[in-house]
$ cat data.cif   # mmCIF, C-alpha atoms and all ligand atoms
data_structure
#
loop_
_atom_site.label_atom_id
_atom_site.label_comp_id
_atom_site.auth_asym_id
_atom_site.auth_seq_id
_atom_site.Cartn_x
_atom_site.Cartn_y
_atom_site.Cartn_z
CA MET E 1 43.94 36.93 77.75
CA THR E 2 41.34 34.34 76.70
CA THR E 3 41.53 33.53 73.00
CA GLY E 4 38.32 33.20 71.03
CA LEU E 5 36.56 35.89 73.10
CA THR E 6 34.28 38.14 71.05
CA THR E 7 32.07 41.09 71.97
CA ARG E 8 28.84 42.03 70.16
CA LEU E 9 25.73 44.09 70.88
CA ALA E 10 22.83 42.20 72.47
CA THR E 11 19.47 41.97 70.70
CA PRO E 12 16.01 41.06 72.07
CA ALA E 13 16.57 37.55 70.65
CA ASP E 14 19.31 37.04 73.28
CA ILE E 15 16.93 37.52 76.24
CA PRO E 16 15.89 33.82 76.54
CA VAL E 17 19.58 32.89 76.90
CA LEU E 18 20.65 35.83 79.06
CA THR E 19 17.86 35.51 81.65
CA PRO E 20 18.87 32.03 82.91
CA LEU E 21 22.56 33.00 82.65
CA MET E 22 21.89 35.90 85.04
CA GLN E 23 19.96 33.70 87.47
CA ALA E 24 22.80 31.14 87.47
CA ALA E 25 25.39 33.87 88.07
CA ILE E 26 23.36 35.28 90.99
CA THR E 27 22.89 31.82 92.54
CA ASP E 28 26.40 30.44 92.08
CA LEU E 29 28.58 33.53 92.30
CA LEU E 30 26.84 35.50 95.04
CA SER E 31 26.22 32.55 97.39
CA PRO E 32 29.84 32.58 98.65
CA VAL E 33 29.50 36.21 99.79
CA LEU E 34 25.80 36.59 100.75
CA SER E 35 23.34 34.70 102.96
CA PRO E 36 20.66 32.61 101.17
CA GLU E 37 18.10 35.31 102.09
CA GLN E 38 20.30 38.02 100.59
CA VAL E 39 20.77 35.98 97.38
CA GLU E 40 16.98 35.71 97.01
CA SER E 41 16.60 39.40 97.79
CA SER E 42 19.22 40.21 95.12
CA ARG E 43 16.91 38.86 92.42
CA MET E 44 14.60 41.84 92.96
CA ILE E 45 17.35 44.37 92.36
CA MET E 46 19.26 42.50 89.61
CA GLY E 47 18.39 41.01 86.23
CA ILE E 48 17.63 41.82 82.62
CA ASP E 49 17.09 45.48 81.72
CA SER E 50 15.58 45.51 78.24
CA GLN E 51 16.03 49.31 78.02
CA LEU E 52 19.78 48.75 77.68
CA ILE E 53 19.23 46.38 74.75
CA ALA E 54 16.83 48.85 73.11
CA ASP E 55 19.39 51.63 73.59
CA GLY E 56 22.16 49.60 71.91
CA THR E 57 24.33 49.80 75.04
CA TYR E 58 24.29 46.14 76.11
CA PHE E 59 26.93 43.59 75.13
CA VAL E 60 27.12 39.83 74.86
CA ILE E 61 30.49 38.12 75.25
CA GLU E 62 31.03 34.80 73.53
CA ILE E 63 33.89 32.37 74.00
CA ASP E 64 34.34 29.85 71.21
CA GLY E 65 30.79 30.56 70.05
CA GLN E 66 29.16 30.06 73.48
CA VAL E 67 27.48 32.90 75.36
CA ALA E 68 29.82 33.48 78.32
CA GLY E 69 28.52 36.71 79.81
CA CYS E 70 26.78 40.02 79.35
CA GLY E 71 26.83 43.58 80.61
CA GLY E 72 26.80 47.13 79.42
CA TRP E 73 26.49 50.80 80.13
CA SER E 74 23.85 53.49 80.09
CA ARG E 75 23.35 57.15 79.31
CA ARG E 76 20.25 57.03 81.57
CA ASN E 77 20.01 57.83 85.29
CA THR E 78 19.05 54.37 86.63
CA LEU E 79 22.10 53.08 88.53
CA TYR E 80 21.14 49.42 88.80
CA GLY E 81 18.25 46.97 88.59
CA GLY E 82 16.19 44.97 86.13
CA ASP E 83 12.89 45.52 84.32
CA HIS E 84 11.06 44.40 87.49
CA THR E 85 12.97 46.67 89.93
CA PRO E 86 11.03 49.63 91.36
CA GLY E 87 12.27 53.22 91.14
CA ARG E 88 13.70 53.28 87.62
CA GLU E 89 14.89 56.65 86.32
CA PRO E 90 15.09 56.70 82.52
CA ALA E 91 16.02 60.42 82.27
CA LEU E 92 19.03 61.01 80.03
CA LEU E 93 22.32 62.01 81.66
CA ASP E 94 24.40 65.00 80.54
CA PRO E 95 27.90 63.79 79.54
CA THR E 96 29.40 67.18 80.43
CA VAL E 97 28.40 66.92 84.11
CA ASP E 98 27.15 63.38 84.84
CA ALA E 99 28.87 60.01 85.03
CA ALA E 100 27.61 57.31 82.65
CA ARG E 101 26.43 54.08 84.28
CA VAL E 102 28.01 50.64 84.02
CA ARG E 103 25.13 48.17 84.21
CA ALA E 104 24.05 44.56 84.64
CA MET E 105 27.30 42.58 84.45
CA TYR E 106 27.02 38.79 84.60
CA THR E 107 29.43 35.99 83.75
CA ALA E 108 28.15 32.44 83.25
CA PRO E 109 29.53 30.37 86.15
CA ALA E 110 31.38 28.05 83.73
CA PHE E 111 33.31 31.02 82.28
CA THR E 112 34.49 32.98 85.35
CA ARG E 113 38.05 34.33 85.63
CA ARG E 114 38.59 34.25 81.88
CA GLY E 115 38.37 37.98 81.30
CA VAL E 116 34.67 38.24 80.44
CA GLY E 117 33.97 40.96 83.05
CA ARG E 118 37.09 42.87 82.04
CA ALA E 119 36.06 42.70 78.35
CA ILE E 120 32.60 44.08 79.12
CA LEU E 121 34.08 46.96 81.12
CA ASP E 122 36.51 47.76 78.27
CA ALA E 123 33.63 47.87 75.75
CA ALA E 124 31.33 49.86 78.04
CA GLU E 125 33.96 52.42 79.02
CA ALA E 126 35.04 52.92 75.39
CA ALA E 127 31.44 53.49 74.25
CA ALA E 128 30.72 55.95 77.09
CA ARG E 129 33.96 57.81 76.35
CA ASN E 130 32.96 58.03 72.66
CA GLU E 131 29.75 59.81 73.70
CA GLY E 132 31.71 62.38 75.67
CA PHE E 133 31.31 61.04 79.22
CA LYS E 134 34.25 61.83 81.52
CA ALA E 135 33.46 59.26 84.23
CA VAL E 136 31.45 56.10 84.90
CA GLU E 137 29.63 54.98 88.05
CA LEU E 138 28.05 51.70 89.12
CA ALA E 139 26.55 49.90 92.09
CA ALA E 140 28.75 46.90 92.91
CA THR E 141 27.56 43.72 94.55
CA LEU E 142 30.00 42.06 96.94
CA GLY E 143 30.66 39.58 94.11
CA GLY E 144 31.51 42.36 91.68
CA LEU E 145 33.81 44.39 93.99
CA PRO E 146 37.06 42.51 93.23
CA LEU E 147 36.55 42.94 89.47
CA TYR E 148 35.87 46.65 89.71
CA ARG E 149 38.76 47.26 92.09
CA ALA E 150 41.05 45.41 89.68
CA CYS E 151 39.79 47.62 86.84
CA GLY E 152 40.43 50.98 88.52
CA TYR E 153 37.11 51.79 90.17
CA GLN E 154 37.15 53.68 93.49
CA GLU E 155 34.60 53.21 96.26
CA VAL E 156 32.30 56.23 96.76
CA GLU E 157 29.86 54.93 99.40
CA ALA E 158 28.49 51.69 100.80
CA PHE E 159 24.72 51.28 101.16
CA THR E 160 22.06 48.57 101.41
CA ASP E 161 18.92 47.87 99.37
CA ALA E 162 16.15 46.01 101.21
CA SER E 163 13.50 46.34 98.50
CA GLY E 164 13.68 42.57 97.84
CA GLY E 165 13.54 41.52 101.53
CA ALA E 166 16.85 40.92 103.31
CA PRO E 167 19.11 44.01 103.04
CA VAL E 168 21.68 43.54 100.25
CA PRO E 169 25.03 45.32 100.65
CA LEU E 170 26.07 47.41 97.63
CA VAL E 171 28.89 49.85 96.96
CA ARG E 172 28.67 52.86 94.68
CA MET E 173 31.92 53.07 92.68
CA ARG E 174 33.37 55.53 90.20
CA LYS E 175 36.13 55.67 87.60
CA PRO E 176 37.34 58.63 85.54
CA LEU E 177 37.49 57.93 81.80
C1 LIG Q 1 31.40 40.08 88.77
C2 LIG Q 1 31.55 39.10 87.62
C3 LIG Q 1 30.80 39.66 86.40
C4 LIG Q 1 33.07 38.97 87.32
O1 LIG Q 1 33.21 38.22 86.18
P1 LIG Q 1 34.52 37.50 85.57
O2 LIG Q 1 34.22 37.35 84.11
O3 LIG Q 1 34.82 36.25 86.33
O4 LIG Q 1 35.69 38.55 85.78
P2 LIG Q 1 37.12 38.60 85.00
O5 LIG Q 1 37.54 37.23 84.60
O6 LIG Q 1 37.04 39.62 83.92
O7 LIG Q 1 38.07 39.14 86.18
C5 LIG Q 1 39.02 40.18 85.97
C6 LIG Q 1 39.76 40.42 87.27
O8 LIG Q 1 38.85 40.82 88.31
C7 LIG Q 1 39.26 40.22 89.57
N1 LIG Q 1 38.25 39.24 89.99
C8 LIG Q 1 37.12 38.88 89.32
N2 LIG Q 1 36.40 37.98 90.03
C9 LIG Q 1 37.07 37.78 91.20
C10 LIG Q 1 36.84 36.97 92.34
N3 LIG Q 1 35.76 36.20 92.45
N4 LIG Q 1 37.76 36.99 93.33
C11 LIG Q 1 38.86 37.77 93.26
N5 LIG Q 1 39.15 38.57 92.18
C12 LIG Q 1 38.26 38.57 91.18
C13 LIG Q 1 40.58 39.55 89.29
O9 LIG Q 1 41.62 40.52 89.47
C14 LIG Q 1 40.45 39.19 87.81
O10 LIG Q 1 41.70 39.00 87.17
P3 LIG Q 1 42.43 37.56 87.25
O11 LIG Q 1 41.40 36.50 86.96
O12 LIG Q 1 43.47 37.66 86.17
O13 LIG Q 1 42.99 37.46 88.64
C15 LIG Q 1 30.99 37.70 88.00
O14 LIG Q 1 31.64 37.25 89.17
C16 LIG Q 1 29.47 37.65 88.21
O15 LIG Q 1 28.71 37.46 87.27
N6 LIG Q 1 29.02 37.75 89.50
C17 LIG Q 1 27.60 37.58 89.85
C18 LIG Q 1 26.73 38.70 89.34
C19 LIG Q 1 27.21 40.03 89.89
O16 LIG Q 1 27.31 40.23 91.10
N7 LIG Q 1 27.52 40.94 88.97
C20 LIG Q 1 28.04 42.24 89.34
C21 LIG Q 1 26.95 43.19 89.48
S1 LIG Q 1 27.57 44.76 90.08
#
$ encode --input "data.cif" --output "structure tokens"
Amino acid sequence: MTTGLTTRLATPADIPVLTPLMQAAITDLLSPVLSPEQVESSRMIMGIDSQLIADGTYFVIEIDGQVAGCGGWSRRNTLYGGDHTPGREPALLDPTVDAARVRAMYTAPAFTRRGVGRAILDAAEAAARNEGFKAVELAATLGGLPLYRACGYQEVEAFTDASGGAPVPLVRMRKPL
């Protein structure tokens, strides 16, 4: 485990730091698994979701005082996407029947493979469990798949999203809490 890793809730003041961190993660960490056209297309369906920050369900991870990553969960229906992504569904989920969402996970390229993603999932799953949810679901990028598999998520269905141009492969995944 990485020492000096801390988890806190994000605030609107973090957005100027988190936005370029997300863009760097998309560029550097998705390029090995997607074509350049698919990386550009991913920007339409990924990015900052300020609703999560307003809801108090978005976390910032710091390592030795530096912002190393971010991600969170949601009690709302939207499965993935940023403020600019079409088709958002802010309706509240019912913890007795619905799965909470894990949302918008990004690690700064300089801090990969140091447990940032795992720490975000731990915090998100614990918070969703505290609100009574019995399962979590997410839409995984090809870059996120190895993390989610390592953390106990099962694949539900593969699909593509072409709303940003080139079709981007995604996988819906689920984990019981
Ligand atoms: C997905 C992402 C958040 C993972 O972040 P991370 O902080 O590097 O992940 P962790 O260090 O917590 O990894 C935990 C475990 O997941 C697995 N894992 C994570 N990244 C992996 C990779 N690139 N290749 C293989 N296994 C990987 C490993 O089992 C790892 O444990 P280990 O390092 O002890 O072997 C990061 O790669 C990212 O920001 N990608 C671009 C944006 C994106 O696609 N986000 C996901 C949206 S669904």
$ closest_residue --input "data.cif" --among "E:Gln66, E:Ser163, E:Thr19, E:Thr57" --to "Arg101 in chain E" --atoms "only C-alpha atoms"
E:Thr57
$ closest_atom_pairs --input "data.cif" --of "chain E" --to "ligand LIG 1 (chain Q)" --cutoff "8 Å" --atoms "all atoms listed in the file" --output "Markdown table"
| residue | atom | partner | partner_atom | distance |
| --- | --- | --- | --- | --- |
| E:Met22 | CA | Q:LIG1 | C18 | 7.1 |
| E:Ala25 | CA | Q:LIG1 | C17 | 4.7 |
| E:Ile26 | CA | Q:LIG1 | C17 | 5.0 |
| E:Thr27 | CA | Q:LIG1 | C17 | 7.9 |
| E:Asp28 | CA | Q:LIG1 | C17 | 7.6 |
| E:Leu29 | CA | Q:LIG1 | C17 | 4.8 |
| E:Leu30 | CA | Q:LIG1 | C17 | 5.6 |
| E:Met46 | CA | Q:LIG1 | C21 | 7.7 |
| E:Gly69 | CA | Q:LIG1 | O2 | 7.2 |
| E:Arg103 | CA | Q:LIG1 | S1 | 7.2 |
| E:Ala104 | CA | Q:LIG1 | C21 | 5.8 |
| E:Met105 | CA | Q:LIG1 | N7 | 4.8 |
| E:Tyr106 | CA | Q:LIG1 | O15 | 3.4 |
| E:Thr107 | CA | Q:LIG1 | O15 | 3.9 |
| E:Ala108 | CA | Q:LIG1 | O15 | 6.5 |
| E:Pro109 | CA | Q:LIG1 | O15 | 7.2 |
| E:Phe111 | CA | Q:LIG1 | O2 | 6.7 |
| E:Thr112 | CA | Q:LIG1 | O3 | 3.4 |
| E:Arg113 | CA | Q:LIG1 | O5 | 3.1 |
| E:Arg114 | CA | Q:LIG1 | O5 | 4.2 |
| E:Gly115 | CA | Q:LIG1 | O6 | 3.4 |
| E:Val116 | CA | Q:LIG1 | O2 | 3.8 |
| E:Gly117 | CA | Q:LIG1 | O6 | 3.5 |
| E:Arg118 | CA | Q:LIG1 | O6 | 3.8 |
| E:Ala119 | CA | Q:LIG1 | O6 | 6.4 |
| E:Ile120 | CA | Q:LIG1 | O6 | 7.9 |
| E:Leu138 | CA | Q:LIG1 | S1 | 7.0 |
| E:Ala139 | CA | Q:LIG1 | S1 | 5.6 |
| E:Ala140 | CA | Q:LIG1 | S1 | 3.7 |
| E:Thr141 | CA | Q:LIG1 | S1 | 4.6 |
| E:Leu142 | CA | Q:LIG1 | O16 | 6.7 |
| E:Gly143 | CA | Q:LIG1 | O16 | 4.6 |
| E:Gly144 | CA | Q:LIG1 | C1 | 3.7 |
| E:Leu145 | CA | Q:LIG1 | C1 | 7.2 |
| E:Pro146 | CA | Q:LIG1 | N5 | 4.6 |
| E:Leu147 | CA | Q:LIG1 | O8 | 3.3 |
| E:Tyr148 | CA | Q:LIG1 | O8 | 6.7 |
| E:Arg149 | CA | Q:LIG1 | O8 | 7.5 |
| E:Ala150 | CA | Q:LIG1 | O9 | 4.9 |
| E:Cys151 | CA | Q:LIG1 | O8 | 7.0 |
$ residues_near_point --input "data.cif" --point "(14.4, 40.5, 73.6)" --cutoff "12 Å" --atoms "only C-alpha atoms" --output "VMD selection string"
chain E and resid 10 to 19 48 to 54 58 83
$ residues_around --input "data.cif" --residues "Pro86 in chain E" --least-positions-apart "5" --cutoff "12 Å" --atoms "all atoms listed in the file" --output "list in words"
Met44, Ile45, Met46, Thr78, Leu79, Tyr80, Gly81, Asp161, Ala162, Ser163 and Gly164 of chain E
$ closest_residue --input "data.cif" --among "E:Thr3, E:Asp94, E:Thr85, E:Asn77" --to "Arg43 in chain E" --atoms "only C-alpha atoms"
E:Thr85
$ atom_distance --input "data.cif" --atom1 "CA of Ala124 in chain E" --atom2 "CA of Phe159 in chain E"
24.1 Å
$ atom_distance --input "data.cif" --atom1 "CA of Glu37 in chain E" --atom2 "CA of Ala158 in chain E"
19.4 Å
$ atom_distance --input "data.cif" --atom1 "CA of Ala99 in chain E" --atom2 "CA of Gly71 in chain E"
17.1 Å
$ closest_residue --input "data.cif" --among "E:Asp64, E:Gln23, E:Arg129, E:Ala135" --to "Ser42 in chain E" --atoms "all atoms listed in the file"
E:Gln23
$ closest_residue --input "data.cif" --among "E:Asp98, E:Glu62, E:Glu155, E:Glu125" --to "Arg174 in chain E" --atoms "all atoms listed in the file"
E:Glu155
$ decode --input "data.cif" --residues "range 94-139 of chain E" --atoms "C-alpha atoms" --output "CSV table (one decimal), in the first residue's frame"
chain,number,residue,atom,x,y,z
E,94,ASP,CA,-33.8,3.2,-5.0
E,95,PRO,CA,-31.2,1.5,-2.8
E,96,THR,CA,-33.6,-1.4,-2.2
E,97,VAL,CA,-33.8,-2.4,-5.9
E,98,ASP,CA,-31.1,-0.4,-7.9
E,99,ALA,CA,-27.4,-0.6,-8.0
E,100,ALA,CA,-25.5,2.6,-7.1
E,101,ARG,CA,-23.1,3.9,-9.7
E,102,VAL,CA,-19.3,4.2,-9.5
E,103,ARG,CA,-18.3,7.2,-11.5
E,104,ALA,CA,-15.6,9.2,-13.2
E,105,MET,CA,-12.4,7.6,-12.0
E,106,TYR,CA,-9.1,9.1,-13.1
E,107,THR,CA,-5.5,8.7,-11.9
E,108,ALA,CA,-2.9,11.3,-12.8
E,109,PRO,CA,-0.4,9.6,-15.1
E,110,ALA,CA,2.5,10.2,-12.7
E,111,PHE,CA,0.7,8.3,-9.9
E,112,THR,CA,-0.6,5.1,-11.7
E,113,ARG,CA,-0.3,1.7,-10.0
E,114,ARG,CA,0.1,3.2,-6.5
E,115,GLY,CA,-3.4,2.2,-5.3
E,116,VAL,CA,-5.2,5.4,-6.2
E,117,GLY,CA,-8.0,3.6,-8.1
E,118,ARG,CA,-8.3,1.0,-5.5
E,119,ALA,CA,-8.6,3.7,-2.8
E,120,ILE,CA,-11.4,5.5,-4.7
E,121,LEU,CA,-13.3,2.2,-5.1
E,122,ASP,CA,-13.0,1.4,-1.4
E,123,ALA,CA,-14.3,4.9,-0.5
E,124,ALA,CA,-17.1,4.8,-3.0
E,125,GLU,CA,-18.3,1.3,-2.2
E,126,ALA,CA,-18.3,2.1,1.6
E,127,ALA,CA,-20.3,5.2,1.1
E,128,ALA,CA,-22.9,3.4,-1.1
E,129,ARG,CA,-23.1,0.6,1.3
E,130,ASN,CA,-23.8,3.1,4.1
E,131,GLU,CA,-26.8,4.4,2.2
E,132,GLY,CA,-28.2,0.9,1.9
E,133,PHE,CA,-27.2,0.0,-1.6
E,134,LYS,CA,-26.6,-3.7,-2.1
E,135,ALA,CA,-24.7,-3.5,-5.4
E,136,VAL,CA,-22.7,-1.0,-7.6
E,137,GLU,CA,-22.5,-0.8,-11.4
E,138,LEU,CA,-20.3,1.2,-13.7
E,139,ALA,CA,-19.3,1.6,-17.4
